[in-house]
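Peer 1: Sharing a structure, written as structure tokens. Questions coming.
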Amino acid sequence: MVISTALRTLALSHDGVVTIDEAREHGLSNGAVGRRVKSGEWVREAHGIYRLADHPVTSRTRTRIATQSVSRDAVLSGLAAAWWHGVATKRPAVVTVTGPKSWKGATVKGRKVIRRTLDSADVVDHKGLRVTALPLSVLEGAVEGNMDVLDRAVQREKVTVDALVETFQRRRKRKGAAEMAKMLVLVGSGARSAAERLAVDAFEQHGITGWIANHPAAGYVIDFAFTEKKVAVEIDGMAYHRDAEVFRSDRARRNALITAGWTVLNFTWADLLERPGYVAAQVEYTLRRTQSAG
């Protein structure tokens, strides 16, 4: 049996996947589809979802099947959607799919189905698959993955802060909204004060005392200085806020402090937001080591 050129071209552009609706649109009956499966030309992956037998099973193929096998209206979401859009570097082990509230399908390994209704503005067709729009993919991807997803997307001008805020307003009463709000503060005008609050929270939660905020030294102002031990804690700006000139300035600042006898610890926004325990542990260790050395 020979598949029509148009349908095969479509399947190849869809990572080797063909839906029953697409087959029917190209003139194939259910019987004709069944014969292709029986002959080994197609592989039945799920109800109404088929794959060209001669097409490799790639990450994109698995993702498409995981999404479309939920329902016709299913939407790839979260970190997997960010990856599909090209703003996350790695496909997550578990793919999140938005399905209709009435969905009662079986649990499938490597797939998580969220039953909810999305605003039409938050759904797009990208490369032949229904996916959450880029701003929502970035926000939910950052919550599911890490802050770097959002930072990278904004830095590379894939999405604007205004678009992220607009999308957040539609989701502000939904799951994950609190985490989204924190991240949006970090890319907004209140970034520096937000960083200071996060650092202070980490210090207080772990009983770290003896620090002074915004302490002048070596011609610069240290974010958090432990003056007795000459330990400086510096908070690196998000990549979104950094350019080559800022990078050079930060290196000059660090070198000047080290030359003046300070031990400098640098932490990122992601460290403060997602790994405050790590920040506290590094500061505590450095303070102890400095004391021992003295």
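The chains in the structure tokens are called A, B, ... from first to last as shown; in each chain the residues are counted from 1, and the ligands are counted from 1 in the order shown.
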Identify, on the basis of only C-alpha atoms, every residue whose closest approach to His215 of chain A does not exceed 8 Å; exclude the query and any residue fewer than 3 positions from it along the same chain; express the result as a PyMOL selection string.

Peer 2: chain A and resi 212+221-225

Peer 1: Need to verify the contact set: segment 51-56 of chain A, 7 Å, only C-alpha atoms, exclusion of same-chain residues closer than 5 positions in sequence. Can you return it as a PDB file with N, CA and C atoms, in the first residue's frame?

Peer 2:
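As a result, around-v2.pdb now contains:
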```pdb
ATOM      1  N   GLY A  16       6.610  12.143  12.095  1.00  0.00           N
ATOM      2  CA  GLY A  16       6.205  10.785  11.773  1.00  0.00           C
ATOM      3  C   GLY A  16       4.844  10.380  12.303  1.00  0.00           C
ATOM      4  N   VAL A  17       4.125  11.317  12.902  1.00  0.00           N
ATOM      5  CA  VAL A  17       2.843  11.013  13.538  1.00  0.00           C
ATOM      6  C   VAL A  17       1.669  11.407  12.637  1.00  0.00           C
ATOM      7  N   VAL A  18       0.659  10.530  12.579  1.00  0.00           N
ATOM      8  CA  VAL A  18      -0.561  10.786  11.821  1.00  0.00           C
ATOM      9  C   VAL A  18      -1.747  10.526  12.729  1.00  0.00           C
ATOM     10  N   GLY A  40       2.118  -3.324   8.506  1.00  0.00           N
ATOM     11  CA  GLY A  40       3.357  -2.871   9.131  1.00  0.00           C
ATOM     12  C   GLY A  40       3.831  -1.521   8.625  1.00  0.00           C
ATOM     13  N   GLU A  41       3.037  -0.896   7.751  1.00  0.00           N
ATOM     14  CA  GLU A  41       3.421   0.413   7.223  1.00  0.00           C
ATOM     15  C   GLU A  41       3.279   1.492   8.290  1.00  0.00           C
ATOM     16  N   TRP A  42       2.224   1.345   9.109  1.00  0.00           N
ATOM     17  CA  TRP A  42       1.999   2.257  10.223  1.00  0.00           C
ATOM     18  C   TRP A  42       2.039   1.482  11.531  1.00  0.00           C
ATOM     19  N   VAL A  43       2.326   2.203  12.626  1.00  0.00           N
ATOM     20  CA  VAL A  43       2.294   1.627  13.964  1.00  0.00           C
ATOM     21  C   VAL A  43       1.226   2.365  14.764  1.00  0.00           C
ATOM     22  N   ARG A  44       0.314   1.631  15.380  1.00  0.00           N
ATOM     23  CA  ARG A  44      -0.711   2.261  16.207  1.00  0.00           C
ATOM     24  C   ARG A  44      -0.089   2.574  17.569  1.00  0.00           C
ATOM     25  N   GLU A  45       0.003   3.866  17.893  1.00  0.00           N
ATOM     26  CA  GLU A  45       0.613   4.292  19.149  1.00  0.00           C
ATOM     27  C   GLU A  45      -0.413   4.506  20.256  1.00  0.00           C
TER      28      GLU A  45
END
```

Peer 1: Give me, as a PyMOL selection string, the residues of segment 10-77 of chain A that a backbone DSSP run labels helix (DSSP H, G or I).

Peer 2: chain A and resi 10-13+20-25+30-39+59-68

Peer 1: Identify which of the residues A:Ala213, A:Val75, A:Val95, A:Ile208 lies closest to Val279 of chain A, counting only C-alpha atoms when measuring atom-to-atom distances.

Peer 2: A:Ile208

Peer 1: Kindly give the distance, in Å, that separates atom CA of Asp236 of chain A and atom CA of Asp250 of chain A, rounded to a single decimal.

Peer 2: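 One can read the atom CA of Asp236 of chain A to atom CA of Asp250 of chain A distance as 8.3 Å.
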
Peer 1: Can you tell me which residues surround Gln68 of chain A at a distance of at most 10 Å, considering only C-alpha atoms, apart from same-chain residues fewer than 3 positions away, and format the answer as a list in words?

Peer 2: Val17, Val18, Thr19, Ala46, His47, Gly48, Ile49, Thr63, Arg64, Ile65, Ser71, Arg72, Asp73, Ala74, Val75, Leu76, Val97, Gly99, Leu129 and Arg130 of chain A

Peer 1: Set the distance at 10 Å and use only C-alpha atoms: which residues neighbour Val94 of chain A once local chain neighbours fewer than 5 positions away are removed? I'd like the list as number ranges by chain.

Peer 2: A: 63, 66, 79-80, 108-112

Peer 1: For C-alpha atoms, I'd like the residues from the last selection saved as a PDB file, in the first residue's frame.

Peer 2:
```
ATOM      1  CA  THR A  63       6.015  14.357  22.912  1.00  0.00           C
ATOM      2  CA  ALA A  66       1.869  11.949  24.552  1.00  0.00           C
ATOM      3  CA  LEU A  79       8.434  22.798  30.853  1.00  0.00           C
ATOM      4  CA  ALA A  80       7.784  20.490  27.882  1.00  0.00           C
ATOM      5  CA  VAL A 108       0.844   6.767  31.186  1.00  0.00           C
ATOM      6  CA  LYS A 109       4.467   6.691  32.293  1.00  0.00           C
ATOM      7  CA  GLY A 110       6.259   9.902  31.404  1.00  0.00           C
ATOM      8  CA  ARG A 111       3.081  11.967  31.089  1.00  0.00           C
ATOM      9  CA  LYS A 112       1.164  14.118  33.550  1.00  0.00           C
TER      10      LYS A 112
END
```

Peer 1: DSSP on the backbone: what in segment 172-269 of chain A comes out strand (DSSP E or B), as a PyMOL selection string?

Peer 2: chain A and resi 212-217+220-226+231-235+263-267

Peer 1: With distances taken over only C-alpha atoms, which residue among A:Thr227, A:Thr286, A:Ser137, A:Asn146 lies nearest Lys158 of chain A?

Peer 2: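 Distance minimum relative to Lys158 of chain A lands on A:Ser137.
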
Peer 1: Between A:Trp269, A:Tyr278, A:Trp103, A:Tyr50, which is the closest to Leu150 of chain A once you count only C-alpha atoms?

Peer 2: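 Looking at the shortest contact to Leu150 of chain A, the residue is A:Trp269.
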
Peer 1: For Thr290 of chain A, please output as number ranges by chain all residues within 12 Å (counting only C-alpha atoms; exclusion window: fewer than 6 positions along the same chain).

Peer 2: A: 226-232, 261-264, 283-284

Peer 1: Using only N, CA and C atoms, please write the residues we just selected to a file, as an mmCIF file, in the first residue's frame.

Peer 2:
```
data_model
loop_
_atom_site.group_PDB
_atom_site.id
_atom_site.type_symbol
_atom_site.label_atom_id
_atom_site.label_comp_id
_atom_site.auth_asym_id
_atom_site.auth_seq_id
_atom_site.Cartn_x
_atom_site.Cartn_y
_atom_site.Cartn_z
ATOM 1 N N PHE A 226 30.412 40.657 55.889
ATOM 2 C CA PHE A 226 30.720 40.185 57.238
ATOM 3 C C PHE A 226 32.097 40.790 57.549
ATOM 4 N N THR A 227 32.061 41.980 58.128
ATOM 5 C CA THR A 227 33.276 42.795 58.223
ATOM 6 C C THR A 227 34.350 42.172 59.108
ATOM 7 N N GLU A 228 33.963 41.461 60.172
ATOM 8 C CA GLU A 228 34.963 40.885 61.069
ATOM 9 C C GLU A 228 35.793 39.823 60.358
ATOM 10 N N LYS A 229 35.145 39.075 59.471
ATOM 11 C CA LYS A 229 35.844 38.003 58.749
ATOM 12 C C LYS A 229 36.254 38.432 57.341
ATOM 13 N N LYS A 230 35.834 39.627 56.947
ATOM 14 C CA LYS A 230 36.081 40.124 55.583
ATOM 15 C C LYS A 230 35.558 39.145 54.526
ATOM 16 N N VAL A 231 34.316 38.714 54.725
ATOM 17 C CA VAL A 231 33.616 37.862 53.758
ATOM 18 C C VAL A 231 32.541 38.708 53.084
ATOM 19 N N ALA A 232 32.586 38.745 51.761
ATOM 20 C CA ALA A 232 31.621 39.538 50.984
ATOM 21 C C ALA A 232 30.676 38.601 50.232
ATOM 22 N N GLY A 261 41.706 41.960 50.256
ATOM 23 C CA GLY A 261 41.700 40.972 51.329
ATOM 24 C C GLY A 261 40.360 40.348 51.652
ATOM 25 N N TRP A 262 39.354 40.605 50.818
ATOM 26 C CA TRP A 262 38.043 40.031 51.060
ATOM 27 C C TRP A 262 37.909 38.659 50.398
ATOM 28 N N THR A 263 37.200 37.765 51.070
ATOM 29 C CA THR A 263 36.777 36.508 50.452
ATOM 30 C C THR A 263 35.401 36.767 49.845
ATOM 31 N N VAL A 264 35.266 36.557 48.544
ATOM 32 C CA VAL A 264 34.029 36.936 47.842
ATOM 33 C C VAL A 264 33.224 35.698 47.453
ATOM 34 N N VAL A 283 27.806 30.198 52.922
ATOM 35 C CA VAL A 283 28.206 31.333 53.768
ATOM 36 C C VAL A 283 28.714 30.831 55.117
ATOM 37 N N GLU A 284 27.977 29.897 55.719
ATOM 38 C CA GLU A 284 28.391 29.361 57.019
ATOM 39 C C GLU A 284 29.758 28.689 56.934
#
```

Peer 1: What is the distance, in Å and to one decimal place, between atom CA of Glu274 of chain A and atom CA of Gln155 of chain A?

Peer 2: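 Calculated distance between atom CA of Glu274 of chain A and atom CA of Gln155 of chain A is 19.6 Å.
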